[in-house]
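Q: Sharing a structure, written as structure tokens. Questions coming.
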Amino acid sequence: MNNFLAWEQTLFKEREIFEFGYVPDEFLYRELQMKSIGYAIAPGIEGKQPQNIICIGPPGTGKTTSVKKIIEQAEKISPSSLILAYVNCRYTQTHYSVLAEIYKKMTGIEPPTSGIALKKLYGKVAETLAAKNKSMFVILDDADFLILRRIFHDVVNNLLRLHEEYPLNIGLGSVHSISYPPLDDITSVFIPKIVKFPGYTWDETFDILERRVKIGLYPNVVEKGIIEKITSCTVPKGDIRFGIDLLKRSVINAEMRASKTVDFTDVDTALVEASKDRLKRYLKVFTDTETALLNAASEMGTSHAGELFNEFHKRTKKGYTTFHKALNKLINAKLVDTCIENRGKNGRTRIITVKQPISG
């Protein structure tokens with residue numbers, strides 16, 4: 001019987017390099033963004049007031065890695081009067097759990113999962129910070145999940161108002177992938193600097209993927225033409241994680257064929273599954289109305305804005321303002337394309353085309 005578990009035959013030299021959570025030693029093309037994040041955090045190291053920031057850009061544009069790199073640098077500075085509390089809101093989606101994670105970062109102690117009122121836990125956070133005589137900077141990564149749960153405003157407002165009762169310096173950074181968060185009712189306490197993360201260019205994407213190939217795979221497993229194809233599949237989606245995932249899946253497909261090299265059919269097969277997984281990740285942070293719009297657009301394929309709005313309104317009973325906001329989210333996620341069509345005497349109309357149907 002063949003040994004199907006002979007992992008020593010793998011094409012991967014360092015498989016973890018292709019995982020989503022991997023933070024590379026050499027992180028390129030985000031120097032300006034990291035400088036802005038570092039500038040916001042720096043006053044806290046001296047016990048002063050950190051600057052509030054919002055990091056915003058499509059998924060896979062280096063936001064989380066930039067933040068983690070700056071945290072890594074800040075934690076090496078000694079002496080320091082700053083406590084850094086990083087919270088991954090993808091996995092921490094309730095008001096209590098966010099606050100409990102902050103308290104744990106401050107004390108190393110995890111509070112009870114229930115039985116303590118929010119107000120009391122906020123008091124413990126404030127009293128502990130005041131006793132330590134330190135500043136604090138809280139990073140809410142993947143904060144779109146808190147917006148989806150409708151607790152983002154309460155978390156930000158409550159944290160940044162603690163200074164009204166205690167002598168504290170607290171700064172906050174939130175990281176967003178889908179859209180700029182509405183701040184209407186918290187602008188009195190949260191006036192952030194915006195740090196924008198654009199998609200990587202074709203050349204930048206190629207370089208990042210080529211470096212992963214050189215570090216993570218054995219020699220000659222992936223040729224330049226394969227990297228170019230994966231780059232061309234990645235850039236329109238604006239998501240470097242998609243490209244890294246597509247690269248990993250392509251190598252796995254080659255392994256399954258017992259081949260020592262990746263060919264173009266491996267990439268084509270991997271592209272289908274990688275695209276489906278990317279869509280699933282978006283659907284987790286879309287509201288019901290946004291998902292309804294994507295469903296309608298998928299069924300229509302290509303449509304005029306008016307036609308799509310009518311179908312959206314029929315399904316959701318929502319007005320044009322909600323439609324416009326939802327459509328912009330789909331555009332920012334690069335799930336749909338739009339263009340303006342000149343209709344002569346009838347004026348112009350907006351054409352919406354789905355790049356990846358929700359059923360696909």
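Going through the structure tokens in order, the chains are called A, B, and so on, while each chain numbers its residues from 1 and the ligands are numbered from 1 in the order shown.
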What's around Glu46 (chain A) at 9 Å? Count only C-alpha atoms, leave out sequence neighbours fewer than 4 positions away in its own chain, and write the answer as a PDB file with N, CA and C atoms, in the first residue's frame.
A:
ATOM      1  N   ALA A  42       3.580  57.024  19.531  1.00  0.00           N
ATOM      2  CA  ALA A  42       4.808  57.488  20.187  1.00  0.00           C
ATOM      3  C   ALA A  42       4.600  58.311  21.464  1.00  0.00           C
ATOM      4  N   PRO A  79      12.932  52.158  29.018  1.00  0.00           N
ATOM      5  CA  PRO A  79      11.636  52.054  29.706  1.00  0.00           C
ATOM      6  C   PRO A  79      10.509  52.641  28.859  1.00  0.00           C
ATOM      7  N   SER A  80       9.276  52.247  29.157  1.00  0.00           N
ATOM      8  CA  SER A  80       8.115  52.735  28.420  1.00  0.00           C
ATOM      9  C   SER A  80       6.954  52.933  29.389  1.00  0.00           C
ATOM     10  N   SER A  81       6.193  53.977  29.148  1.00  0.00           N
ATOM     11  CA  SER A  81       5.013  54.257  29.967  1.00  0.00           C
ATOM     12  C   SER A  81       3.735  53.950  29.191  1.00  0.00           C
ATOM     13  N   LEU A  82       3.812  53.010  28.244  1.00  0.00           N
ATOM     14  CA  LEU A  82       2.676  52.709  27.368  1.00  0.00           C
ATOM     15  C   LEU A  82       2.258  51.246  27.490  1.00  0.00           C
ATOM     16  N   LYS A 134       0.352  54.790  33.656  1.00  0.00           N
ATOM     17  CA  LYS A 134       0.790  54.631  32.276  1.00  0.00           C
ATOM     18  C   LYS A 134      -0.303  55.068  31.311  1.00  0.00           C
ATOM     19  N   SER A 135       0.103  55.366  30.084  1.00  0.00           N
ATOM     20  CA  SER A 135      -0.848  55.610  28.995  1.00  0.00           C
ATOM     21  C   SER A 135      -1.235  54.271  28.374  1.00  0.00           C
TER      22      SER A 135
END
Q: Which residues, written as an NGL selection string, have at least one atom at most 10 Å from Val251 (chain A), with only C-alpha atoms counted and residues fewer than 5 positions away on the same chain left out?
A: :A and (10-12 or 217 or 221-222 or 245-246 or 256-257 or 259-263 or 266-267 or 270)
Q: Only N, CA and C atoms, please: the residues just picked out, written as a tab-separated table (two decimals), in the first residue's frame.
A:
chain	number	residue	atom	x	y	z
A	10	THR	N	7.09	16.95	0.52
A	10	THR	CA	6.40	18.22	0.29
A	10	THR	C	7.26	19.18	-0.52
A	11	LEU	N	6.60	20.07	-1.24
A	11	LEU	CA	7.27	21.13	-2.00
A	11	LEU	C	7.51	22.37	-1.15
A	12	PHE	N	6.89	22.39	0.04
A	12	PHE	CA	7.04	23.54	0.94
A	12	PHE	C	8.29	23.39	1.81
A	217	LEU	N	9.39	27.94	-0.50
A	217	LEU	CA	9.35	26.75	-1.35
A	217	LEU	C	10.75	26.31	-1.72
A	221	VAL	N	10.29	25.09	-7.91
A	221	VAL	CA	8.91	24.60	-7.79
A	221	VAL	C	7.96	25.50	-8.58
A	222	VAL	N	8.20	26.82	-8.52
A	222	VAL	CA	7.33	27.79	-9.20
A	222	VAL	C	8.18	28.66	-10.11
A	245	ASP	N	-2.72	33.03	-0.84
A	245	ASP	CA	-3.56	31.84	-0.72
A	245	ASP	C	-3.62	31.07	-2.03
A	246	LEU	N	-3.75	31.80	-3.14
A	246	LEU	CA	-3.79	31.17	-4.46
A	246	LEU	C	-2.47	30.46	-4.75
A	256	MET	N	-0.48	17.14	-5.02
A	256	MET	CA	-1.49	16.09	-5.18
A	256	MET	C	-1.31	15.34	-6.50
A	257	ARG	N	-0.69	16.00	-7.48
A	257	ARG	CA	-0.39	15.33	-8.75
A	257	ARG	C	0.96	14.61	-8.70
A	259	SER	N	3.72	16.06	-8.54
A	259	SER	CA	4.61	16.80	-9.42
A	259	SER	C	5.58	17.63	-8.59
A	260	LYS	N	6.77	17.85	-9.11
A	260	LYS	CA	7.77	18.67	-8.44
A	260	LYS	C	7.68	20.14	-8.84
A	261	THR	N	6.79	20.45	-9.77
A	261	THR	CA	6.63	21.84	-10.22
A	261	THR	C	5.15	22.17	-10.37
A	262	VAL	N	4.84	23.44	-10.22
A	262	VAL	CA	3.48	23.94	-10.40
A	262	VAL	C	3.28	24.30	-11.86
A	263	ASP	N	2.14	23.89	-12.43
A	263	ASP	CA	1.84	24.32	-13.80
A	263	ASP	C	0.57	25.16	-13.81
A	266	ASP	N	-2.73	23.89	-12.33
A	266	ASP	CA	-2.80	23.94	-10.87
A	266	ASP	C	-3.34	25.28	-10.40
A	267	VAL	N	-2.92	26.35	-11.06
A	267	VAL	CA	-3.39	27.69	-10.71
A	267	VAL	C	-4.86	27.85	-11.07
A	270	ALA	N	-6.96	26.04	-8.53
A	270	ALA	CA	-6.90	26.72	-7.23
A	270	ALA	C	-7.69	28.03	-7.24
Q: Write out as a short mmCIF file (atom, residue, chain, number, x, y, z; two decimals) with C-alpha atoms, in the first residue's frame the residues lying within 10 Å of Ser188 (chain A), counting only C-alpha atoms and excluding same-chain residues fewer than 6 positions away.
A:
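Okay, this is what ended up in selection27.cif:
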data_model
loop_
_atom_site.label_atom_id
_atom_site.label_comp_id
_atom_site.auth_asym_id
_atom_site.auth_seq_id
_atom_site.Cartn_x
_atom_site.Cartn_y
_atom_site.Cartn_z
CA ASN A 157 -17.19 56.31 23.28
CA LEU A 160 -12.32 57.51 25.33
CA ARG A 161 -14.53 59.08 28.00
#
Q: Please report, as an MDAnalysis selection string, each residue of region 254-358 of chain A to which DSSP assigns alpha helix (DSSP H) when run on this structure's backbone.
A: chainID A and resid 254:256 264:283 288:300 305:316 320:332
Q: Hey, which of A:Ala254, A:Leu159, A:Leu209, A:Ala40 ends up closest to Ser232 (chain A)? Count only C-alpha atoms.
A: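 The closest residue to Ser232 (chain A) is A:Leu209.
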Q: Which neighbours of Gly173 (chain A) fall inside 9 Å, counting only C-alpha atoms, when residues of the same chain fewer than 4 positions from it are skipped, and could you give them as a ChimeraX atom specification?
A: /A:37,40,51-55,137-141,192
Q: Take the residues from that selection and write them out as a short mmCIF file (atom, residue, chain, number, x, y, z; two decimals), in the first residue's frame, keeping C-alpha atoms.
A:
data_model
loop_
_atom_site.label_atom_id
_atom_site.label_comp_id
_atom_site.auth_asym_id
_atom_site.auth_seq_id
_atom_site.Cartn_x
_atom_site.Cartn_y
_atom_site.Cartn_z
CA ILE A 37 0.88 54.55 13.07
CA ALA A 40 0.26 58.20 16.69
CA GLN A 51 -3.24 60.13 18.83
CA ASN A 52 -6.41 58.39 17.65
CA ILE A 53 -6.22 56.80 14.19
CA ILE A 54 -8.29 54.86 11.69
CA CYS A 55 -6.50 52.47 9.33
CA PHE A 137 -3.31 52.57 23.20
CA VAL A 138 -6.07 50.19 22.13
CA ILE A 139 -6.10 48.68 18.63
CA LEU A 140 -9.44 47.32 17.43
CA ASP A 141 -8.44 45.19 14.44
CA PRO A 192 -8.88 60.28 14.27
#
Q: Taking 3 positions as the minimum chain separation for residues in the same chain, which residues sit within 10 Å of Gly306 (chain A) when counting only C-alpha atoms? Answer as a PyMOL selection string.
A: chain A and resi 303+309-312+320+349-351
Q: Just give me the gap between CA of Ile208 (chain A) and CA of Pro24 (chain A) in Å, one decimal is fine.
A: 10.2 Å
Q: Per residue of region 38-99 of chain A within 12 Å of region 108-112 of chain A, which atom pair is closest and at what distance in Å (one decimal), using only C-alpha atoms, listed by chain and increasing number, as a Markdown table?
A:
| residue | atom | partner | partner_atom | distance |
| --- | --- | --- | --- | --- |
| A:Ile83 | CA | A:Gly108 | CA | 11.9 |
| A:Ala85 | CA | A:Gly108 | CA | 11.3 |
| A:Tyr96 | CA | A:Pro111 | CA | 10.0 |
| A:Ser97 | CA | A:Pro111 | CA | 9.5 |
| A:Val98 | CA | A:Pro111 | CA | 11.5 |
| A:Leu99 | CA | A:Pro111 | CA | 9.6 |
Q: Could those residues be written to a file, using N, CA and C atoms, as a JSON list (two decimals), in the first residue's frame?
A:
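result.json was written with the following content:
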[["chain", "number", "residue", "atom", "x", "y", "z"],
["A", 83, "ILE", "N", 0.96, 51.03, 27.61],
["A", 83, "ILE", "CA", 0.37, 49.70, 27.53],
["A", 83, "ILE", "C", -0.34, 49.58, 26.19],
["A", 85, "ALA", "N", -2.85, 47.42, 23.83],
["A", 85, "ALA", "CA", -3.89, 46.38, 23.90],
["A", 85, "ALA", "C", -4.44, 46.12, 22.51],
["A", 96, "TYR", "N", -18.55, 43.13, 26.09],
["A", 96, "TYR", "CA", -17.87, 42.60, 27.28],
["A", 96, "TYR", "C", -16.55, 41.92, 26.90],
["A", 97, "SER", "N", -16.56, 41.11, 25.84],
["A", 97, "SER", "CA", -15.34, 40.38, 25.48],
["A", 97, "SER", "C", -14.24, 41.31, 25.01],
["A", 98, "VAL", "N", -14.60, 42.41, 24.33],
["A", 98, "VAL", "CA", -13.59, 43.40, 23.93],
["A", 98, "VAL", "C", -12.94, 44.01, 25.17],
["A", 99, "LEU", "N", -13.76, 44.41, 26.12],
["A", 99, "LEU", "CA", -13.25, 45.03, 27.34],
["A", 99, "LEU", "C", -12.45, 44.02, 28.17]]
Q: For Val156 (chain A), which residue among A:Glu14, A:Glu299, A:Asp142, A:Asp185 is the nearest when counting only C-alpha atoms?
A: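 Closest residue, counting only C-alpha atoms: A:Asp185.
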Q: Which is closest to Ile71 (chain A) among A:Ile45, A:Ile56, A:Leu146, A:Leu32, if we use only C-alpha atoms?
A: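 The shortest atom-to-atom distance to Ile71 (chain A) comes from A:Ile45.
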Q: Between CA of Asn88 (chain A) and CA of Val23 (chain A), measure the distance and give it in Å to one decimal.
A: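 We find that CA of Asn88 (chain A) and CA of Val23 (chain A) lie 15.2 Å from each other.
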Q: Nearest to Glu228 (chain A) among A:Ser250, A:Thr289, A:Ser298, A:Thr205, with distances taken over only C-alpha atoms: which residue is it?
A: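 Closest to Glu228 (chain A) of all the choices is A:Thr205.
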Q: Could you pull the residues within 12 Å of Thr287 (chain A), counting only C-alpha atoms, minus those fewer than 3 positions along the same chain, as a list of chain:residue names?
A: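 Close residues of Thr287 (chain A): A:Asp144, A:Phe145, A:Leu146, A:Ile147, A:Leu148, A:Arg149, A:Arg150, A:Ile178, A:Tyr282, A:Leu283, A:Lys284, A:Glu290, A:Thr291, A:Ala292, A:Leu293, A:Leu294, A:Thr316, A:Thr322, A:Lys325, A:Ala326, A:Lys329, A:Leu330.
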Q: Excluding region 123-133 of chain A and its own-chain neighbours fewer than 3 positions away, which residues fall within 10 Å of it when counting only C-alpha atoms? Please give them as a list in words.
A: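 The neighbour list is Gly47, Ser81, Leu82, Ile83, Leu99, Ala100, Ile102, Tyr103, Lys104, Met106, Thr107, Ala117, Leu118, Lys119, Lys120, Met136, Leu159, Leu162, His163, Glu165, Tyr166, Pro167, Leu168, Asn169 and Ile170 of chain A.
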Q: Which is closest to Ile240 (chain A) among A:Glu223, A:Gly21, A:Lys35, A:Gly60, if we use only C-alpha atoms?
A: A:Gly60
Q: Would you mind reading off the distance between CA of Pro43 (chain A) and CA of Ser179 (chain A), one decimal, in Å?
A: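 Rounded to one decimal, the two atoms are 28.0 Å apart.
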